$ cat start-v4.txt   # compact mmCIF, C-alpha atoms
# COMPACT_ATOMS: atom_id res chain seq x y z
CA LYS A 144 0.90 21.91 28.99
CA LEU A 145 3.47 19.26 28.27
CA MET A 146 5.67 19.66 25.19
CA LEU A 147 6.97 16.36 23.82
CA LYS A 148 10.46 16.29 22.37
CA VAL A 149 10.34 13.93 19.39
CA LEU A 150 13.19 12.82 17.15
CA PHE A 151 12.60 11.31 13.69
CA LEU A 152 15.66 9.49 12.35
CA ILE A 153 15.86 8.48 8.67
CA HIS A 154 18.69 7.26 6.40
CA ASP A 155 18.43 10.37 4.14
CA LEU A 156 15.86 12.78 2.68
CA GLY A 157 16.41 11.81 -0.97
CA GLN A 158 13.72 11.54 -3.64
CA GLY A 159 11.85 8.46 -2.35
CA GLY A 160 8.24 8.19 -1.23
CA ALA A 161 8.87 7.62 2.50
CA GLU A 162 11.19 10.63 2.59
CA LYS A 163 8.55 12.93 1.15
CA VAL A 164 5.90 11.51 3.47
CA LEU A 165 8.08 12.21 6.52
CA VAL A 166 8.44 15.86 5.47
CA ASN A 167 4.65 16.11 5.00
CA LEU A 168 4.05 14.58 8.43
CA VAL A 169 6.45 16.71 10.51
CA ASN A 170 5.55 19.94 8.68
CA ASN A 171 1.90 19.47 9.61
CA MET A 172 2.25 18.36 13.24
CA ASP A 173 0.96 20.57 16.06
CA ARG A 174 3.81 22.75 17.36
CA SER A 175 2.03 23.44 20.65
CA LYS A 176 2.38 19.75 21.55
CA PHE A 177 5.55 18.64 19.79
CA ASP A 178 9.09 19.96 19.61
CA ILE A 179 10.32 18.15 16.48
CA SER A 180 13.80 17.16 15.35
CA VAL A 181 14.70 15.34 12.14
CA THR A 182 18.11 13.69 11.88
CA VAL A 183 19.42 12.07 8.69
CA LEU A 184 22.37 9.69 8.66
CA PHE A 185 23.45 11.18 5.32
CA GLY A 186 22.78 14.79 4.26
CA GLY A 187 22.27 16.37 0.85
CA GLY A 188 18.86 14.86 0.01
CA VAL A 189 16.53 16.75 -2.34
CA ASN A 190 13.66 16.77 0.21
CA GLU A 191 15.62 18.60 2.96
CA GLN A 192 14.73 21.98 1.45
CA PHE A 193 11.02 21.33 2.07
CA LEU A 194 11.29 20.91 5.85
CA ALA A 195 9.58 23.73 7.78
CA PRO A 196 12.15 26.19 9.22
CA ASP A 197 11.19 25.51 12.86
CA ILE A 198 12.11 21.82 12.66
CA HIS A 199 15.55 21.08 14.15
CA PHE A 200 17.47 19.42 11.34
CA HIS A 201 20.78 17.61 11.72
CA SER A 202 22.83 15.30 9.48
CA VAL A 203 25.31 12.85 11.01
CA PHE A 204 27.42 12.80 7.82
CA PRO A 205 27.31 15.61 5.22
CA LYS A 206 26.76 13.17 2.36
CA GLU A 207 26.33 9.48 1.62
CA VAL A 208 29.43 7.42 2.45
CA PRO A 209 30.20 4.59 -0.05
CA GLY A 210 29.78 1.16 1.58
CA ASN A 211 28.11 2.75 4.61
CA SER A 212 25.95 -0.29 5.41
CA LYS A 213 29.05 -2.44 5.91
CA LEU A 214 30.75 0.28 7.97
CA MET A 215 27.69 0.70 10.17
CA LYS A 216 27.67 -3.01 10.97
CA LEU A 217 31.12 -2.62 12.56
CA LEU A 218 29.48 -0.66 15.36
CA THR A 219 26.90 -2.00 17.79
CA PRO A 220 23.45 -0.35 17.93
CA ARG A 221 24.50 1.21 21.22
CA GLN A 222 27.66 2.76 19.70
CA LEU A 223 25.72 3.96 16.66
CA HIS A 224 23.11 5.62 18.86
CA LYS A 225 25.83 7.45 20.77
CA LEU A 226 27.30 8.67 17.46
CA CYS A 227 24.00 9.77 15.88
CA VAL A 228 21.80 11.02 18.72
CA LYS A 229 23.28 13.84 20.78
CA GLU A 230 20.32 15.03 22.84
CA HIS A 231 17.72 13.52 25.12
CA TYR A 232 14.27 12.99 23.59
CA ASP A 233 10.96 11.82 25.04
CA ILE A 234 10.24 9.77 21.92
CA GLU A 235 12.65 8.55 19.25
CA VAL A 236 11.24 7.37 15.92
CA SER A 237 13.06 5.24 13.37
CA TYR A 238 11.28 6.33 10.19
CA LEU A 239 12.27 3.47 7.87
CA GLU A 240 13.12 -0.16 8.35
CA GLY A 241 16.83 -1.14 8.40
CA PRO A 242 19.74 1.14 9.41
CA SER A 243 17.63 3.73 11.26
CA ALA A 244 15.95 0.95 13.28
CA ARG A 245 19.35 -0.42 14.26
CA VAL A 246 20.47 3.02 15.47
CA ILE A 247 17.34 3.84 17.50
CA SER A 248 17.21 0.37 19.07
CA GLY A 249 20.57 1.26 20.69
CA CYS A 250 18.99 3.96 22.88
CA GLN A 251 20.04 3.38 26.51
CA ASN A 252 17.65 5.82 28.19
CA PRO A 253 14.93 3.89 30.03
CA GLY A 254 12.65 6.95 29.97
CA THR A 255 12.63 7.33 26.18
CA LYS A 256 9.84 5.68 24.20
CA LEU A 257 10.90 4.10 20.90
CA VAL A 258 8.87 3.86 17.69
CA SER A 259 9.72 1.92 14.53
CA TRP A 260 7.99 2.86 11.23
CA ILE A 261 7.88 0.15 8.53
CA HIS A 262 7.21 1.21 4.91
CA VAL A 263 7.83 -1.80 2.72
CA GLU A 264 6.82 -5.44 2.90
CA GLN A 265 9.94 -7.53 3.53
CA HIS A 266 8.70 -10.95 2.27
CA THR A 267 11.77 -12.83 3.55
CA MET A 268 13.76 -12.87 6.78
CA ASP A 269 16.94 -12.35 4.71
CA LYS A 270 15.63 -9.04 3.36
CA LEU A 271 14.38 -7.96 6.79
CA ALA A 272 17.76 -8.70 8.37
CA GLY A 273 19.82 -7.17 5.51
CA SER A 274 20.95 -4.08 7.46
CA PHE A 275 21.68 -6.05 10.64
CA ARG A 276 24.61 -8.28 11.61
CA SER A 277 22.33 -11.31 11.75
CA LYS A 278 18.70 -12.42 11.89
CA LYS A 279 19.13 -12.74 15.63
CA GLU A 280 20.25 -9.11 15.91
CA ALA A 281 17.34 -7.97 13.70
CA ARG A 282 14.86 -9.73 16.02
CA ALA A 283 16.51 -8.27 19.12
CA CYS A 284 16.51 -4.72 17.70
CA TYR A 285 12.89 -4.75 16.54
CA SER A 286 11.77 -6.12 19.90
CA LYS A 287 13.23 -3.04 21.69
CA PHE A 288 10.53 -0.76 20.24
CA ASP A 289 7.52 0.24 22.34
CA GLN A 290 5.39 0.78 19.22
CA THR A 291 5.75 -0.38 15.64
CA VAL A 292 3.84 1.41 12.88
CA CYS A 293 3.19 -0.01 9.39
CA VAL A 294 1.92 2.01 6.41
CA SER A 295 -0.63 -0.61 5.33
CA GLN A 296 -2.34 -3.73 6.66
CA TYR A 297 -0.44 -5.76 4.08
CA VAL A 298 2.94 -4.50 5.33
CA HIS A 299 1.76 -5.06 8.94
CA ASP A 300 0.77 -8.70 8.34
CA ASP A 301 4.00 -9.44 6.48
CA PHE A 302 6.20 -7.93 9.22
CA CYS A 303 4.35 -9.58 12.13
CA GLN A 304 4.36 -12.98 10.42
CA LEU A 305 8.08 -12.95 9.57
CA LEU A 306 9.15 -12.01 13.09
CA ASP A 307 6.30 -13.80 14.87
CA PHE A 308 5.97 -10.32 16.37
CA ARG A 309 4.13 -10.03 19.69
CA LYS A 310 4.67 -6.36 20.54
CA PRO A 311 2.30 -3.45 19.79
CA CYS A 312 2.06 -2.98 16.02
CA ARG A 313 -0.50 -0.85 14.18
CA VAL A 314 -1.36 0.65 10.80
CA LEU A 315 -1.13 4.41 10.11
CA TYR A 316 -1.60 5.69 6.56
CA ASN A 317 0.95 7.98 4.91
CA THR A 318 0.49 11.74 5.04
CA VAL A 319 -0.06 13.42 1.68
CA GLU A 320 -0.60 17.15 1.32
CA SER A 321 -4.21 17.13 0.20
CA ASP A 322 -4.57 20.94 0.04
CA LYS A 323 -1.52 21.23 -2.22
CA ILE A 324 -2.76 18.36 -4.37
CA LEU A 325 -6.19 19.98 -4.82
CA ALA A 326 -4.64 23.39 -5.56
CA GLY A 327 -2.30 21.80 -8.14
CA ALA A 328 -5.23 19.95 -9.70
CA ASN A 329 -6.80 23.26 -10.74
CA GLU A 330 -3.91 24.32 -12.99
CA ALA A 331 -4.35 24.06 -16.77
CA ALA A 332 -2.94 21.06 -18.65
CA PRO A 333 -2.81 22.04 -22.35
CA GLU A 334 -0.80 18.89 -23.22
CA LEU A 335 -3.94 16.77 -22.87
CA ALA A 336 -5.45 16.36 -26.34
CA ASP A 337 -8.93 17.70 -26.97
CA ASP A 338 -9.81 14.64 -29.04
CA GLY A 339 -13.07 13.61 -27.38
CA LYS A 340 -11.56 10.29 -26.28
CA ILE A 341 -11.84 8.71 -22.84
CA ARG A 342 -8.67 9.69 -20.98
CA LEU A 343 -6.78 7.08 -18.98
CA ILE A 344 -3.75 8.00 -16.89
CA ALA A 345 -0.91 6.02 -15.26
CA VAL A 346 1.73 7.53 -12.98
CA GLY A 347 5.13 6.21 -11.87
CA THR A 348 8.74 5.49 -12.82
CA LEU A 349 9.01 3.78 -16.21
CA LYS A 350 10.40 0.52 -14.89
CA GLN A 351 9.61 -3.20 -15.08
CA SER A 352 7.75 -3.46 -11.77
CA LYS A 353 5.15 -0.88 -12.87
CA GLY A 354 3.79 -3.16 -15.61
CA TYR A 355 3.76 -0.56 -18.39
CA MET A 356 4.46 -2.99 -21.24
CA ARG A 357 1.34 -5.01 -20.46
CA LEU A 358 -0.64 -1.79 -20.12
CA LEU A 359 0.47 -0.75 -23.64
CA LYS A 360 -0.69 -4.15 -24.97
CA ILE A 361 -4.09 -3.62 -23.33
CA ILE A 362 -4.40 -0.18 -24.93
CA ARG A 363 -3.47 -1.61 -28.33
CA CYS A 364 -6.26 -4.22 -28.00
CA LEU A 365 -8.80 -1.58 -26.96
CA ARG A 366 -7.84 0.62 -29.91
CA ASP A 367 -8.11 -2.34 -32.29
CA GLU A 368 -11.61 -2.92 -30.94
CA GLN A 369 -12.49 0.72 -31.73
CA TYR A 370 -12.72 1.93 -28.10
CA PRO A 371 -12.09 5.72 -28.09
CA VAL A 372 -9.27 5.71 -25.52
CA HIS A 373 -6.18 7.87 -25.00
CA LEU A 374 -3.62 6.84 -22.39
CA TYR A 375 -1.34 9.40 -20.73
CA ILE A 376 1.72 8.23 -18.80
CA LEU A 377 3.58 10.40 -16.26
CA GLY A 378 7.14 9.41 -15.39
CA ILE A 379 10.63 8.77 -16.70
CA GLY A 380 12.82 5.70 -16.38
CA PRO A 381 14.80 2.87 -17.94
CA LEU A 382 11.86 1.45 -19.95
CA GLN A 383 11.27 4.65 -21.90
CA GLN A 384 12.98 3.60 -25.16
CA GLU A 385 11.32 0.20 -25.23
CA MET A 386 7.93 1.85 -24.66
CA GLU A 387 8.51 4.46 -27.38
CA GLU A 388 9.53 1.71 -29.79
CA TYR A 389 6.35 -0.26 -29.00
CA ILE A 390 4.21 2.85 -29.53
CA ARG A 391 5.88 3.46 -32.93
CA GLN A 392 5.67 -0.14 -34.14
CA ASN A 393 2.00 -0.41 -33.23
CA LYS A 394 1.10 3.07 -34.52
CA LEU A 395 -0.18 4.17 -31.11
CA GLN A 396 1.07 7.78 -31.42
CA ASP A 397 -2.52 9.13 -31.32
CA THR A 398 -3.52 6.77 -28.51
CA VAL A 399 -0.63 6.94 -26.02
CA THR A 400 1.20 10.07 -24.84
CA LEU A 401 4.29 9.96 -22.62
CA LEU A 402 4.30 13.17 -20.57
CA GLY A 403 7.68 12.61 -18.87
CA TYR A 404 8.38 13.70 -15.29
CA GLN A 405 6.14 16.51 -14.02
CA THR A 406 6.46 18.39 -10.73
CA ASN A 407 2.69 18.84 -10.74
CA PRO A 408 1.11 15.53 -11.79
CA TYR A 409 -2.24 16.49 -10.25
CA LYS A 410 -3.28 18.89 -13.03
CA TYR A 411 -3.15 15.96 -15.47
CA VAL A 412 -4.69 13.29 -13.23
CA SER A 413 -7.65 15.51 -12.29
CA LYS A 414 -8.59 16.01 -15.94
CA CYS A 415 -8.63 12.32 -16.85
CA ASP A 416 -11.52 9.86 -16.66
CA LEU A 417 -9.74 6.88 -15.11
CA PHE A 418 -6.52 6.24 -13.20
CA VAL A 419 -4.94 2.87 -14.05
CA CYS A 420 -2.33 0.90 -12.09
CA ALA A 421 -0.76 -2.14 -13.81
CA SER A 422 2.07 -2.70 -11.26
CA PHE A 423 3.49 -6.09 -10.31
CA ALA A 424 4.28 -4.69 -6.81
CA GLU A 425 3.58 -1.59 -4.68
CA GLY A 426 3.89 -0.58 -1.00
CA PHE A 427 0.83 1.59 -0.51
CA SER A 428 0.41 3.47 -3.76
CA THR A 429 0.76 7.22 -3.25
CA ALA A 430 -0.25 7.85 -6.87
CA ALA A 431 -3.54 5.97 -6.39
CA THR A 432 -4.20 7.84 -3.13
CA GLU A 433 -3.66 11.13 -4.96
CA ALA A 434 -6.05 10.09 -7.73
CA LEU A 435 -8.77 9.53 -5.10
CA ILE A 436 -8.05 12.92 -3.52
CA VAL A 437 -8.64 14.67 -6.86
CA GLY A 438 -11.77 12.54 -7.36
CA ILE A 439 -10.67 10.30 -10.24
CA PRO A 440 -11.84 6.64 -10.35
CA VAL A 441 -9.14 3.99 -9.93
CA CYS A 442 -8.88 0.66 -11.77
CA THR A 443 -5.96 -1.42 -10.53
CA VAL A 444 -4.53 -4.92 -10.42
CA GLU A 445 -4.28 -6.32 -6.92
CA VAL A 446 -1.05 -5.24 -5.21
CA SER A 447 -0.26 -4.41 -1.58
CA GLY A 448 -2.69 -1.90 -0.10
CA MET A 449 -5.22 -1.64 -2.95
CA LYS A 450 -8.03 -3.59 -1.29
CA GLU A 451 -7.57 -1.53 1.87
CA MET A 452 -7.75 1.63 -0.19
CA LEU A 453 -10.64 0.66 -2.47
CA GLY A 454 -12.57 -1.88 -0.38
CA GLU A 455 -12.70 -5.69 -0.37
CA ASP A 456 -15.77 -5.56 -2.63
CA ASN A 457 -14.73 -2.74 -4.98
CA GLU A 458 -16.68 -0.21 -2.95
CA TRP A 459 -14.53 2.85 -3.82
CA GLY A 460 -12.72 1.62 -6.95
CA VAL A 461 -12.06 -1.45 -9.08
CA VAL A 462 -9.44 -4.03 -8.03
CA VAL A 463 -8.88 -6.98 -10.38
CA GLU A 464 -6.65 -10.04 -10.18
CA ASN A 465 -3.02 -9.26 -11.06
CA SER A 466 -2.92 -10.30 -14.72
CA GLU A 467 -2.98 -8.60 -18.10
CA LYS A 468 -6.21 -10.35 -19.08
CA THR A 469 -8.18 -9.31 -15.99
CA LEU A 470 -6.94 -5.71 -16.12
CA TYR A 471 -7.97 -5.53 -19.79
CA GLN A 472 -11.42 -6.83 -18.86
CA GLY A 473 -11.70 -4.43 -15.90
CA ILE A 474 -10.86 -1.36 -18.00
CA LYS A 475 -13.12 -2.52 -20.84
CA ASN A 476 -16.10 -2.96 -18.46
CA LEU A 477 -15.66 0.61 -17.17
CA LEU A 478 -15.32 2.05 -20.68
CA GLY A 479 -18.55 0.39 -21.73
CA GLU A 480 -20.56 1.74 -18.77
CA ALA A 481 -20.70 5.53 -18.51
CA GLU A 482 -22.84 5.36 -15.36
CA MET A 483 -20.41 2.95 -13.67
CA LEU A 484 -17.56 5.38 -14.37
CA ALA A 485 -19.66 8.23 -12.95
CA HIS A 486 -20.51 6.13 -9.87
CA TYR A 487 -16.81 5.50 -9.14
CA LYS A 488 -15.99 9.17 -9.67
CA GLY A 489 -18.27 10.01 -6.74
CA LYS A 490 -16.89 7.15 -4.67
CA ALA A 491 -13.29 8.25 -5.32
CA ALA A 492 -13.91 11.76 -3.97
CA GLU A 493 -15.63 10.32 -0.89
CA ARG A 494 -12.75 7.91 -0.17
CA GLY A 495 -10.12 10.59 -0.84
CA LYS A 496 -11.26 12.43 2.31
CA MET A 497 -10.00 9.57 4.45
CA PHE A 498 -6.47 10.35 3.31
CA SER A 499 -6.69 14.08 3.98
CA THR A 500 -3.60 15.62 5.59
CA GLN A 501 -5.54 16.40 8.74
CA ASN A 502 -6.83 12.87 9.28
CA THR A 503 -3.47 11.15 8.79
CA VAL A 504 -1.49 13.68 10.88
CA ARG A 505 -4.00 13.57 13.77
CA ALA A 506 -3.76 9.77 13.82
CA ALA A 507 0.05 9.91 14.09
CA GLU A 508 -0.09 12.57 16.83
CA LYS A 509 -2.62 10.54 18.79
CA MET A 510 -0.32 7.49 18.63
CA LEU A 511 2.64 9.52 20.00
CA LEU A 512 0.59 11.14 22.78
CA GLU A 513 -0.93 7.81 23.82
CA LEU A 514 2.51 6.21 23.85
CA TRP A 515 3.67 8.89 26.27
CA GLY A 516 0.46 8.47 28.26
CA CYS A 517 -0.65 12.08 27.92
CA TYR A 518 -3.38 11.87 25.26
CA SER A 519 -6.11 12.61 27.85
CA GLU A 520 -4.44 15.91 28.84
CA TYR A 521 -5.19 17.23 25.38
CA HIS A 522 -8.69 15.80 24.97

$ encode --input "start-v4.txt" --output "structure tokens"
Amino acid sequence: KLMLKVLFLIHDLGQGGAEKVLVNLVNNMDRSKFDISVTVLFGGGVNEQFLAPDIHFHSVFPKEVPGNSKLMKLLTPRQLHKLCVKEHYDIEVSYLEGPSARVISGCQNPGTKLVSWIHVEQHTMDKLAGSFRSKKEARACYSKFDQTVCVSQYVHDDFCQLLDFRKPCRVLYNTVESDKILAGANEAAPELADDGKIRLIAVGTLKQSKGYMRLLKIIRCLRDEQYPVHLYILGIGPLQQEMEEYIRQNKLQDTVTLLGYQTNPYKYVSKCDLFVCASFAEGFSTAATEALIVGIPVCTVEVSGMKEMLGEDNEWGVVVENSEKTLYQGIKNLLGEAEMLAHYKGKAAERGKMFSTQNTVRAAEKMLLELWGCYSEYH
């Protein structure tokens, strides 16, 4: 049986979402089919420790170099590739848009298949070309890839439209560790008040883009209208003081609890009645995916990926227009209808299975095997 040598190249393995997802993906791939290497441009990232021991790990530089994006532009993609990639691989994957794509596009081996993995919508050509010498170079580099992968349909449409992209481009969902999530969900969470209220939960960095201030206003209105709600928020960030001040001024201490950063968010999410997302922007929300996996209904404003996740017609969850007023209305409707909440609880669990580790990893493996033309050997 053929063993494919695959290299995943990423800027670093720091604390971001894509970095964690890469670790989940490679750790769960089939070792009888793939010999896996992960190379980071800059070492020292917090997620390196979680890589399985049989993955060949290499860092080009031991730690992040200040001004590295400018320095990297001094070299051509071809020179960068020579510097960063020391062995021959059957498939080389750039696992994030930008610098890694520039490096991998410099591969000179005609026998190597190249894959580019896009995680974030770019919106403008300037943003897309930010890590390249010019827009022209960005176009040339991205056109060198045999397969482009996007993490959601929204990201796919944005990328293809900006580049007027004609090469193979497909959607593969991120790998989350569903078994770990479900195991974590079973742990006790004594911090959740036993106050008989309907528990809402929101998860994510306390920053502007997550829409927490408007969520607090919604909760204040619901409380004023005598709805028995209690909102829990998981995360830390720059907005914390402003949020605490708002909670104090509006006497919401019994209605809103900030739980800070938790290594196991699942034990809290699984014991709540509704997961709420008030974000102004998202890529493909990992937190919402995790809520579905633990079987908690989701009510969200419309951001990238939500309609894919929950259905165009609110089949698996509730997606409302992105405004404070519509989110307030959406939450209020669910609070008033116990059977609707129960209906979406069942739907969440059903949808969560689609994002199981096994399903997402198999889809990625199939893409790599098909690219190499050997998928039939295994099936």

$ closest_residue --input "start-v4.txt" --among "A:Leu453, A:Ile436, A:Ile179, A:Val203" --to "Ala492 (chain A)" --atoms "only C-alpha atoms"
A:Ile436

$ residues_around --input "start-v4.txt" --residues "Glu458 (chain A)" --least-positions-apart "3" --cutoff "12 Å" --atoms "all atoms listed in the file" --output "PyMOL selection string"
chain A and resi 440-442+449-455+461-462+483+486-491+493-494

$ residues_around --input "start-v4.txt" --residues "Val437 (chain A)" --least-positions-apart "6" --cutoff "8 Å" --atoms "only C-alpha atoms" --output "list in words"
Ile324, Leu325, Ala328, Tyr409, Val412, Ser413, Ala492 and Gly495 of chain A

$ write_last_selection --input "start-v4.txt" --atoms "C-alpha atoms" --output "compact mmCIF listing (two decimals), in the frame of the given file"
# COMPACT_ATOMS: atom_id res chain seq x y z
CA ILE A 324 -2.76 18.36 -4.37
CA LEU A 325 -6.19 19.98 -4.82
CA ALA A 328 -5.23 19.95 -9.70
CA TYR A 409 -2.24 16.49 -10.25
CA VAL A 412 -4.69 13.29 -13.23
CA SER A 413 -7.65 15.51 -12.29
CA ALA A 492 -13.91 11.76 -3.97
CA GLY A 495 -10.12 10.59 -0.84

$ atom_distance --input "start-v4.txt" --atom1 "CA of Leu223 (chain A)" --atom2 "CA of Arg245 (chain A)"
8.1 Å

$ closest_residue --input "start-v4.txt" --among "A:Phe302, A:Tyr355, A:Trp260, A:Phe177" --to "Ile153 (chain A)" --atoms "all atoms listed in the file"
A:Trp260

$ atom_distance --input "start-v4.txt" --atom1 "CA of Val236 (chain A)" --atom2 "CA of Lys256 (chain A)"
8.6 Å

$ atom_distance --input "start-v4.txt" --atom1 "CA of Asp233 (chain A)" --atom2 "CA of Val181 (chain A)"
13.9 Å
